[in-house]
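Peer 1: What follows is the file model.txt, containing compact mmCIF, C-alpha atoms:
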```
# COMPACT_ATOMS: atom_id res chain seq x y z
CA MET A 1 117.70 40.51 247.93
CA THR A 2 117.79 38.84 251.37
CA SER A 3 120.90 38.84 253.57
CA ALA A 4 121.29 35.10 252.87
CA GLN A 5 121.19 35.73 249.11
CA SER A 6 123.73 38.52 249.52
CA ALA A 7 126.02 36.15 251.40
CA ILE A 8 125.65 33.52 248.68
CA GLU A 9 126.70 36.05 246.02
CA SER A 10 130.15 36.32 247.59
CA SER A 11 130.44 32.80 249.01
CA SER A 12 132.92 30.22 247.73
CA ARG A 13 131.15 27.39 249.57
CA HIS A 14 130.94 24.03 247.84
CA PHE A 15 127.51 22.33 247.98
CA VAL A 16 127.18 18.56 247.59
CA LEU A 17 123.88 17.31 246.17
CA ALA A 18 122.92 13.70 246.93
CA SER A 19 120.28 11.25 245.78
CA ARG A 20 119.58 7.59 245.25
CA ALA A 21 121.86 5.76 242.83
CA SER A 22 119.15 4.70 240.40
CA GLN A 23 119.42 5.88 236.81
CA LEU A 24 116.36 8.10 237.14
CA ALA A 25 117.50 9.61 240.45
CA GLN A 26 120.87 10.49 238.93
CA ILE A 27 119.22 12.15 235.95
CA GLN A 28 116.96 14.15 238.25
CA THR A 29 119.84 15.22 240.47
CA ASN A 30 121.80 16.34 237.44
CA LEU A 31 118.80 18.45 236.36
CA VAL A 32 118.92 20.27 239.70
CA LEU A 33 122.73 20.53 239.48
CA ALA A 34 122.44 22.10 236.02
CA ALA A 35 119.83 24.58 237.27
CA LEU A 36 122.13 25.69 240.09
CA GLN A 37 125.12 25.94 237.76
CA GLU A 38 123.06 28.07 235.39
CA ILE A 39 122.61 30.57 238.24
CA TYR A 40 126.22 30.25 239.41
CA PRO A 41 128.41 28.91 236.57
CA PRO A 42 131.45 26.85 237.60
CA PRO A 43 134.79 28.68 237.56
CA SER A 44 136.93 28.59 234.48
CA ASP A 45 140.32 26.89 234.68
CA GLY A 46 142.83 29.01 236.52
CA ASP A 47 140.22 31.38 237.96
CA LEU A 48 141.70 31.76 241.46
CA ALA A 49 139.50 34.75 242.29
CA HIS A 50 136.21 32.86 241.83
CA ARG A 51 133.84 33.91 244.64
CA SER A 52 130.53 32.16 244.10
CA PRO A 53 129.20 28.77 245.20
CA THR A 54 130.13 25.56 243.40
CA PHE A 55 128.26 22.27 243.22
CA SER A 56 128.78 18.52 242.77
CA ALA A 57 126.66 15.36 243.05
CA SER A 58 126.96 12.15 245.06
CA PHE A 59 124.82 9.00 244.80
CA MET A 60 124.00 6.13 247.17
CA ALA A 61 121.82 3.01 247.13
CA THR A 62 118.97 3.05 249.67
CA SER A 63 116.98 0.22 251.22
CA GLY A 64 114.22 0.77 248.67
CA ASP A 65 116.70 0.23 245.84
CA LYS A 66 118.24 -2.86 247.43
CA ASN A 67 114.99 -4.72 248.21
CA GLN A 68 113.48 -5.57 244.84
CA SER A 69 111.74 -8.79 245.89
CA GLN A 70 108.87 -7.61 248.09
CA ALA A 71 105.87 -5.59 246.97
CA LEU A 72 106.00 -1.91 247.96
CA TYR A 73 102.72 -2.40 249.80
CA LEU A 74 104.53 -4.53 252.42
CA LEU A 75 107.78 -2.62 252.78
CA GLY A 76 106.82 0.09 255.23
CA GLY A 77 106.32 3.39 253.45
CA LYS A 78 108.20 6.17 251.76
CA ALA A 79 111.06 6.46 254.28
CA LEU A 80 112.49 3.38 252.56
CA TRP A 81 113.93 5.75 249.93
CA THR A 82 114.75 8.79 252.05
CA LYS A 83 115.87 7.84 255.56
CA GLU A 84 119.49 6.91 254.78
CA LEU A 85 119.97 10.02 252.66
CA GLU A 86 118.55 12.17 255.47
CA VAL A 87 121.04 10.67 257.95
CA VAL A 88 123.94 11.77 255.73
CA LEU A 89 122.32 15.19 255.29
CA LYS A 90 121.93 15.72 259.05
CA GLU A 91 125.52 14.57 259.63
CA ARG A 92 126.63 17.25 257.12
CA GLY A 93 128.08 14.73 254.72
CA VAL A 94 125.99 16.39 251.98
CA ASP A 95 124.17 19.71 251.74
CA MET A 96 121.10 18.98 249.61
CA VAL A 97 119.15 15.82 248.83
CA VAL A 98 117.20 15.59 245.57
CA HIS A 99 114.00 13.55 245.66
CA SER A 100 111.01 12.70 243.57
CA LEU A 101 108.61 14.54 245.85
CA LYS A 102 106.09 11.71 245.68
CA ASP A 103 108.65 9.52 247.53
CA VAL A 104 109.09 11.98 250.41
CA PRO A 105 107.12 11.35 253.63
CA THR A 106 104.72 14.16 254.51
CA THR A 107 106.38 14.50 257.91
CA LEU A 108 110.15 15.05 257.79
CA PRO A 109 112.75 14.28 260.48
CA GLU A 110 113.52 17.05 262.94
CA GLY A 111 116.13 19.35 261.48
CA CYS A 112 115.17 18.69 257.84
CA SER A 113 112.90 20.65 255.53
CA ILE A 114 111.89 20.94 251.89
CA GLY A 115 113.85 23.88 250.51
CA ALA A 116 112.73 23.79 246.88
CA ILE A 117 110.00 22.31 244.72
CA LEU A 118 110.84 22.61 241.03
CA LYS A 119 108.47 23.02 238.10
CA ARG A 120 106.45 19.88 237.66
CA GLU A 121 106.50 17.54 234.70
CA ASP A 122 103.13 16.15 233.58
CA PRO A 123 102.04 14.17 236.69
CA VAL A 124 99.86 11.58 234.96
CA ASP A 125 100.49 7.85 234.70
CA SER A 126 100.97 6.30 231.27
CA LEU A 127 100.15 2.99 229.62
CA VAL A 128 103.09 1.23 227.97
CA VAL A 129 102.09 -1.74 225.80
CA LYS A 130 104.31 -4.74 225.03
CA SER A 131 106.48 -4.06 221.98
CA GLY A 132 104.88 -5.23 218.74
CA LYS A 133 101.34 -5.42 220.10
CA PRO A 134 98.58 -3.37 218.46
CA TRP A 135 96.65 -2.22 221.56
CA LYS A 136 96.31 1.53 222.00
CA SER A 137 94.38 1.75 225.29
CA LEU A 138 93.40 -0.21 228.36
CA GLN A 139 89.98 -0.76 226.80
CA GLU A 140 91.61 -2.65 223.90
CA LEU A 141 93.53 -5.12 226.08
CA PRO A 142 92.05 -8.64 225.82
CA GLU A 143 90.13 -9.96 228.79
CA GLY A 144 92.48 -11.48 231.37
CA SER A 145 95.51 -9.47 230.18
CA VAL A 146 98.18 -8.94 232.85
CA VAL A 147 99.10 -5.32 233.58
CA GLY A 148 102.30 -4.69 235.57
CA THR A 149 102.52 -2.03 238.25
CA SER A 150 104.02 -1.74 241.74
CA SER A 151 101.39 0.75 242.95
CA VAL A 152 98.33 -0.31 244.94
CA ARG A 153 96.83 3.09 244.10
CA ARG A 154 96.88 2.22 240.40
CA VAL A 155 95.67 -1.33 240.97
CA ALA A 156 92.77 -0.28 243.16
CA GLN A 157 91.51 2.41 240.78
CA LEU A 158 91.98 0.30 237.65
CA LYS A 159 90.30 -2.77 239.18
CA ARG A 160 87.28 -0.54 239.67
CA ASN A 161 87.26 0.64 236.05
CA PHE A 162 88.68 -2.47 234.32
CA PRO A 163 87.57 -5.57 236.28
CA SER A 164 88.44 -7.91 233.38
CA LEU A 165 92.17 -7.16 233.66
CA LYS A 166 94.70 -8.79 236.00
CA PHE A 167 97.43 -6.89 237.84
CA LEU A 168 100.90 -8.10 238.82
CA ASP A 169 103.73 -6.43 240.72
CA VAL A 170 106.73 -5.41 238.60
CA ARG A 171 109.70 -3.95 240.46
CA ALA A 172 113.14 -3.02 239.18
CA ASN A 173 115.70 -0.27 239.77
CA TYR A 174 115.42 1.13 236.26
CA ARG A 175 112.47 1.63 233.96
CA ASN A 176 114.40 0.06 231.08
CA THR A 177 114.65 -3.11 233.21
CA ARG A 178 110.90 -3.02 233.67
CA LEU A 179 110.48 -2.53 229.95
CA ALA A 180 112.73 -5.55 229.32
CA LYS A 181 110.42 -7.59 231.54
CA LEU A 182 107.44 -6.26 229.60
CA ASP A 183 108.91 -7.02 226.17
CA ALA A 184 110.24 -10.49 227.02
CA PRO A 185 108.56 -12.86 224.51
CA ASN A 186 107.49 -15.29 227.23
CA GLY A 187 106.88 -12.65 229.88
CA PRO A 188 103.45 -12.42 231.53
CA TYR A 189 102.82 -8.73 230.94
CA ALA A 190 100.66 -7.24 228.20
CA ALA A 191 101.35 -3.71 229.43
CA LEU A 192 102.82 -1.64 232.26
CA ILE A 193 101.58 1.46 234.04
CA LEU A 194 104.42 3.91 234.76
CA ALA A 195 104.73 7.56 235.74
CA LYS A 196 104.98 9.67 232.59
CA ALA A 197 107.50 12.07 234.16
CA GLY A 198 110.02 9.29 234.77
CA LEU A 199 109.73 7.95 231.26
CA VAL A 200 110.20 11.42 229.77
CA ARG A 201 113.23 12.19 231.95
CA LEU A 202 114.79 8.87 230.97
CA GLY A 203 114.31 9.67 227.28
CA MET A 204 111.76 6.87 226.89
CA GLY A 205 108.73 8.99 226.07
CA ASP A 206 108.46 7.22 222.72
CA ARG A 207 107.34 4.07 224.56
CA ILE A 208 104.21 5.74 225.93
CA THR A 209 101.09 4.23 224.35
CA ALA A 210 98.54 6.47 226.08
CA ASP A 211 98.29 8.82 229.04
CA LEU A 212 95.79 7.82 231.73
CA GLN A 213 94.07 11.03 232.71
CA PRO A 214 91.63 11.53 235.60
CA PRO A 215 88.99 10.27 236.19
CA THR A 216 90.34 7.03 234.65
CA LEU A 217 93.35 7.19 236.98
CA TYR A 218 94.19 9.81 239.59
CA HIS A 219 97.93 10.22 240.03
CA ALA A 220 100.04 9.97 243.20
CA VAL A 221 100.51 12.95 245.49
CA SER A 222 103.26 15.26 244.14
CA GLN A 223 103.94 12.95 241.19
CA GLY A 224 106.12 14.61 238.53
CA ALA A 225 107.72 17.14 240.89
CA LEU A 226 111.32 17.24 242.11
CA ALA A 227 112.15 18.49 245.59
CA VAL A 228 115.36 19.50 247.34
CA GLU A 229 115.62 18.63 251.03
CA ILE A 230 118.02 20.63 253.20
CA ARG A 231 118.95 21.12 256.83
CA SER A 232 116.47 23.51 258.39
CA ASP A 233 119.22 25.76 259.76
CA ASP A 234 121.14 26.07 256.48
CA VAL A 235 120.18 29.59 255.40
CA GLU A 236 122.54 29.60 252.40
CA ALA A 237 121.08 26.37 251.02
CA LEU A 238 117.58 27.74 251.55
CA ALA A 239 118.47 30.92 249.65
CA LEU A 240 119.68 28.81 246.73
CA CYS A 241 116.57 26.64 246.87
CA ARG A 242 114.21 29.59 246.72
CA MET A 243 115.83 30.52 243.40
CA LEU A 244 114.81 27.09 242.07
CA THR A 245 111.26 26.95 243.42
CA HIS A 246 108.31 27.14 241.02
CA TRP A 247 105.63 28.60 243.26
CA GLU A 248 102.67 27.31 241.25
CA THR A 249 103.96 23.73 241.55
CA GLU A 250 104.79 24.33 245.21
CA TRP A 251 101.24 25.41 246.05
CA MET A 252 99.66 22.44 244.25
CA CYS A 253 102.05 19.90 245.76
CA LEU A 254 101.73 21.31 249.27
CA ALA A 255 97.95 21.07 248.98
CA GLU A 256 98.20 17.45 247.81
CA ARG A 257 100.68 16.57 250.57
CA ALA A 258 98.48 18.19 253.22
CA CYS A 259 95.60 15.99 252.10
CA LEU A 260 97.80 12.89 252.25
CA ARG A 261 99.18 13.86 255.66
CA ALA A 262 95.71 14.34 257.13
CA LEU A 263 94.59 10.97 255.78
CA GLU A 264 97.77 9.40 257.21
CA GLY A 265 98.50 7.56 253.99
CA GLY A 266 101.91 6.74 252.55
CA CYS A 267 103.04 5.72 249.07
CA SER A 268 101.64 2.23 249.66
CA VAL A 269 97.98 3.19 250.02
CA PRO A 270 95.51 3.95 247.22
CA ILE A 271 95.14 7.71 247.57
CA GLY A 272 94.93 9.53 244.24
CA VAL A 273 94.80 13.25 243.47
CA SER A 274 94.54 15.80 240.71
CA SER A 275 95.17 19.53 241.06
CA LYS A 276 94.94 22.63 238.92
CA LEU A 277 95.95 26.23 239.67
CA ASP A 278 94.39 29.07 237.68
CA VAL A 279 96.68 32.02 238.38
CA GLU A 280 95.20 35.53 238.54
CA SER A 281 96.89 38.42 236.76
CA GLY A 282 98.40 41.17 238.87
CA ASP A 283 101.35 41.84 241.14
CA GLN A 284 100.10 39.77 244.07
CA LYS A 285 100.20 35.96 244.05
CA ALA A 286 96.64 34.64 243.93
CA ALA A 287 94.97 31.73 242.16
CA THR A 288 91.98 29.43 242.15
CA LEU A 289 93.01 25.96 243.32
CA THR A 290 90.95 23.00 242.11
CA LEU A 291 91.85 19.86 244.04
CA THR A 292 90.38 16.37 243.71
CA GLY A 293 91.20 13.50 246.01
CA CYS A 294 90.10 9.89 246.01
CA VAL A 295 90.57 6.77 248.13
CA THR A 296 89.82 3.34 246.69
CA ALA A 297 89.60 -0.03 248.40
CA LEU A 298 92.18 -2.59 247.26
CA ALA A 299 89.52 -4.70 245.57
CA GLY A 300 88.21 -1.65 243.70
CA ASP A 301 84.72 -2.15 245.11
CA LEU A 302 84.65 0.93 247.36
CA HIS A 303 85.62 4.39 246.14
CA VAL A 304 85.38 7.83 247.75
CA GLU A 305 86.03 10.97 245.68
CA HIS A 306 85.56 14.69 246.21
CA THR A 307 86.59 17.96 244.53
CA VAL A 308 87.04 21.42 246.04
CA GLN A 309 87.69 24.76 244.36
CA VAL A 310 89.05 27.60 246.50
CA ARG A 311 90.79 30.94 245.93
CA VAL A 312 94.19 30.95 247.64
CA THR A 313 96.82 33.64 248.17
CA SER A 314 99.61 31.70 249.89
CA ALA A 315 101.18 28.28 250.25
CA GLU A 316 99.67 28.05 253.73
CA GLU A 317 96.16 28.60 252.36
CA ALA A 318 96.79 25.94 249.70
CA GLU A 319 97.79 23.49 252.45
CA GLU A 320 94.60 24.22 254.35
CA VAL A 321 92.59 23.37 251.22
CA GLY A 322 94.28 19.99 251.16
CA SER A 323 93.62 19.39 254.85
CA ALA A 324 89.97 20.35 254.46
CA LEU A 325 89.60 18.00 251.50
CA ALA A 326 91.02 15.16 253.60
CA ARG A 327 88.45 15.83 256.33
CA THR A 328 85.65 15.65 253.78
CA LEU A 329 86.99 12.44 252.27
CA SER A 330 87.28 10.92 255.73
CA ASP A 331 83.67 11.84 256.52
CA LEU A 332 82.57 10.27 253.22
CA GLY A 333 84.14 6.91 254.13
CA ALA A 334 87.86 7.17 253.29
CA LYS A 335 88.95 6.53 256.88
CA LYS A 336 87.13 3.19 256.96
CA ILE A 337 88.78 2.15 253.67
CA LEU A 338 92.26 3.11 254.92
CA ASP A 339 91.74 1.39 258.28
CA ASP A 340 90.81 -1.83 256.46
CA ILE A 341 93.88 -1.50 254.21
CA ASN A 342 96.19 -1.05 257.20
CA LEU A 343 94.73 -4.15 258.86
CA ASP A 344 95.24 -6.11 255.65
CA ARG A 345 98.85 -4.94 255.41
CA GLU A 346 99.58 -5.93 259.02
CA ARG A 347 98.14 -9.38 258.35
CA ARG A 348 100.19 -9.86 255.19
CA VAL A 349 103.40 -8.58 256.80
CA GLU A 350 102.94 -11.08 259.61
CA GLU A 351 102.29 -13.88 257.09
CA ALA A 352 105.48 -12.93 255.22
CA ARG A 353 107.46 -12.89 258.50
CA ILE A 354 106.19 -16.37 259.42
CA ALA A 355 106.99 -17.67 255.93
CA ASP A 356 110.53 -16.27 256.13
CA ASN A 357 111.08 -17.86 259.53
CA THR A 358 109.74 -21.20 258.28
CA GLU A 359 112.10 -21.15 255.29
CA GLY A 360 115.00 -20.27 257.58
CA THR A 361 114.44 -23.30 259.77
CA ALA A 362 113.68 -25.77 256.95
```
What's the structure tokens form of this structure?

Peer 2:
Amino acid sequence: MTSAQSAIESSSRHFVLASRASQLAQIQTNLVLAALQEIYPPPSDGDLAHRSPTFSASFMATSGDKNQSQALYLLGGKALWTKELEVVLKERGVDMVVHSLKDVPTTLPEGCSIGAILKREDPVDSLVVKSGKPWKSLQELPEGSVVGTSSVRRVAQLKRNFPSLKFLDVRANYRNTRLAKLDAPNGPYAALILAKAGLVRLGMGDRITADLQPPTLYHAVSQGALAVEIRSDDVEALALCRMLTHWETEWMCLAERACLRALEGGCSVPIGVSSKLDVESGDQKAATLTLTGCVTALAGDLHVEHTVQVRVTSAEEAEEVGSALARTLSDLGAKKILDDINLDRERRVEEARIADNTEGTA
């Protein structure tokens, strides 16, 4: 037991967990809250001698929740969901921030760090077909069918594999709102593509028509994993977080994030991954990490993909695998694809700015 863990055992400090105010974010934060309270149960009524940490949750709407009109591709990256929460964390208004790790930028603000990465749900994306329709796969959708998704990663990969389908942005704060848009009798969508983990956590797993496994669709970096962000100097929070961390998930996600960081891509670029960790038996942590990464042009016409398999014995070695994969992908043509995507985004952002200014003066 570390000195920080020893201090926690006798601490009566109250920790406030925070997250976005969306339905899914609240569910995820309550999962982390329950895990902490399982380690340190709340005091019983009248227990004045209680000497262990206690926990509560707080929720706030972020810019990413408030702006539901523009496509994610044009909104400026993952910090849209994390920046305001990190300000409150650094100002000591809260002690821990719970995120979907896929929404967390690969470079954090000074003074913040990822304290815990919890065991991952299935990271794949899933097909959800309009209620009452008989289709069981993307292959069965009629030519010209409209598939809703807010992810350019999904669109780029699926355009490559399913050129007869059309793709349309579908944004909403809650997945049940997206499903209402899908099921609307006169709505344009034949199906949606959503992260399986979110559907399962929301209790909507029964709506999943089919999982889209690689190589049909490579998932987002760190998809399916929850993370707890803390202040870097908060040793007590870090001690609590290490009790929550699932090291196998941590190694895979850190490898994926290292690849993304080296490619300088955010949540609004089409970088897909898949990882697997085959753990060795024995007292020492060691495993074979298999990591695949891909980058696909927005039109689906260009695609770079590579897989590496390396024995690793630490989180740092797993990160280096991800960085090395990124270098290989870049050499194979990924950098050119991403440069073209960034130029396209800059052009479209400028067009949107001009259009907004024109409407404002009309």

Peer 1: Might you pull out every residue within 9 Å of Asp211 of chain A, with all atoms listed in the file counted and same-chain residues fewer than 3 positions away left off, and present them as a list in words?

Peer 2: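 Counting only the stated atoms, we get Val124, Asp125, Ser126, Leu127, Ser137, Lys196 and Ile208 of chain A.
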
Peer 1: Go through A:Arg257, A:Arg13, A:Lys130, A:Lys166 one by one, measure the shortest atom-to-atom distance of each to Leu101 of chain A using all atoms listed in the file, and give the residue with the smallest value.

Peer 2: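 Checking each of A:Arg257, A:Arg13, A:Lys130, A:Lys166 against Leu101 of chain A, counting all atoms listed in the file, the winner is A:Arg257.
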
Peer 1: What does the distance between atom CA of Glu91 of chain A and atom CA of Gly115 of chain A come to in Å, to one decimal place?

Peer 2: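 These atoms are spaced 17.5 Å apart.
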
Peer 1: Grab the atom CA of Val155 of chain A to atom CA of Ala299 of chain A distance for me, in Å with one decimal place.

Peer 2: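 Computed distance, atom CA of Val155 of chain A to atom CA of Ala299 of chain A, equals 8.4 Å.
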
Peer 1: Nearest to Ala197 of chain A: which of A:His303, A:Arg347, A:Arg120, A:Arg178 is it, counting all atoms listed in the file?

Peer 2: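 So, comparing all the options, the nearest one is A:Arg120.
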
Peer 1: Give me, please, the distance in Å between atom CA of Ser151 of chain A and atom CA of Ser100 of chain A, quoted to one decimal.

Peer 2: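 Here the two named atoms are 15.4 Å from each other.
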
Peer 1: Missing atoms in segment 111-123 of chain A should be modelled up to N, CA, C and O atoms and reported as a PDB file, in the frame of the given file.

Peer 2:
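Contents of selection15.pdb, freshly written:
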```
ATOM      1  N   GLY A 111     114.898  18.786 262.014  1.00  0.00           N
ATOM      2  CA  GLY A 111     116.130  19.350 261.480  1.00  0.00           C
ATOM      3  C   GLY A 111     116.217  19.334 259.967  1.00  0.00           C
ATOM      4  O   GLY A 111     117.172  19.857 259.403  1.00  0.00           O
ATOM      5  N   CYS A 112     115.202  18.737 259.306  1.00  0.00           N
ATOM      6  CA  CYS A 112     115.170  18.690 257.840  1.00  0.00           C
ATOM      7  C   CYS A 112     113.933  19.406 257.323  1.00  0.00           C
ATOM      8  O   CYS A 112     112.891  19.421 257.983  1.00  0.00           O
ATOM      9  N   SER A 113     114.048  19.987 256.139  1.00  0.00           N
ATOM     10  CA  SER A 113     112.900  20.650 255.530  1.00  0.00           C
ATOM     11  C   SER A 113     113.023  20.626 254.015  1.00  0.00           C
ATOM     12  O   SER A 113     114.115  20.421 253.474  1.00  0.00           O
ATOM     13  N   ILE A 114     111.897  20.818 253.349  1.00  0.00           N
ATOM     14  CA  ILE A 114     111.890  20.940 251.890  1.00  0.00           C
ATOM     15  C   ILE A 114     112.256  22.372 251.537  1.00  0.00           C
ATOM     16  O   ILE A 114     111.541  23.311 251.882  1.00  0.00           O
ATOM     17  N   GLY A 115     113.394  22.542 250.866  1.00  0.00           N
ATOM     18  CA  GLY A 115     113.850  23.880 250.510  1.00  0.00           C
ATOM     19  C   GLY A 115     113.309  24.350 249.177  1.00  0.00           C
ATOM     20  O   GLY A 115     113.022  25.538 249.001  1.00  0.00           O
ATOM     21  N   ALA A 116     113.165  23.415 248.225  1.00  0.00           N
ATOM     22  CA  ALA A 116     112.730  23.790 246.880  1.00  0.00           C
ATOM     23  C   ALA A 116     111.811  22.722 246.306  1.00  0.00           C
ATOM     24  O   ALA A 116     111.988  21.532 246.557  1.00  0.00           O
ATOM     25  N   ILE A 117     110.826  23.184 245.554  1.00  0.00           N
ATOM     26  CA  ILE A 117     110.000  22.310 244.720  1.00  0.00           C
ATOM     27  C   ILE A 117     110.072  22.892 243.315  1.00  0.00           C
ATOM     28  O   ILE A 117     109.654  24.032 243.082  1.00  0.00           O
ATOM     29  N   LEU A 118     110.609  22.113 242.386  1.00  0.00           N
ATOM     30  CA  LEU A 118     110.840  22.610 241.030  1.00  0.00           C
ATOM     31  C   LEU A 118     109.604  22.429 240.159  1.00  0.00           C
ATOM     32  O   LEU A 118     108.676  21.697 240.517  1.00  0.00           O
ATOM     33  N   LYS A 119     109.615  23.083 239.008  1.00  0.00           N
ATOM     34  CA  LYS A 119     108.470  23.020 238.100  1.00  0.00           C
ATOM     35  C   LYS A 119     108.157  21.572 237.746  1.00  0.00           C
ATOM     36  O   LYS A 119     109.041  20.793 237.402  1.00  0.00           O
ATOM     37  N   ARG A 120     106.906  21.251 237.788  1.00  0.00           N
ATOM     38  CA  ARG A 120     106.450  19.880 237.660  1.00  0.00           C
ATOM     39  C   ARG A 120     106.375  19.434 236.203  1.00  0.00           C
ATOM     40  O   ARG A 120     105.954  20.185 235.327  1.00  0.00           O
ATOM     41  N   GLU A 121     106.799  18.194 235.972  1.00  0.00           N
ATOM     42  CA  GLU A 121     106.500  17.540 234.700  1.00  0.00           C
ATOM     43  C   GLU A 121     105.035  17.094 234.744  1.00  0.00           C
ATOM     44  O   GLU A 121     104.393  17.118 235.802  1.00  0.00           O
ATOM     45  N   ASP A 122     104.497  16.669 233.621  1.00  0.00           N
ATOM     46  CA  ASP A 122     103.130  16.150 233.580  1.00  0.00           C
ATOM     47  C   ASP A 122     103.003  15.032 234.615  1.00  0.00           C
ATOM     48  O   ASP A 122     103.726  14.038 234.565  1.00  0.00           O
ATOM     49  N   PRO A 123     102.087  15.142 235.590  1.00  0.00           N
ATOM     50  CA  PRO A 123     102.040  14.170 236.690  1.00  0.00           C
ATOM     51  C   PRO A 123     101.271  12.886 236.391  1.00  0.00           C
ATOM     52  O   PRO A 123     101.216  12.007 237.263  1.00  0.00           O
TER      53      PRO A 123
END
```
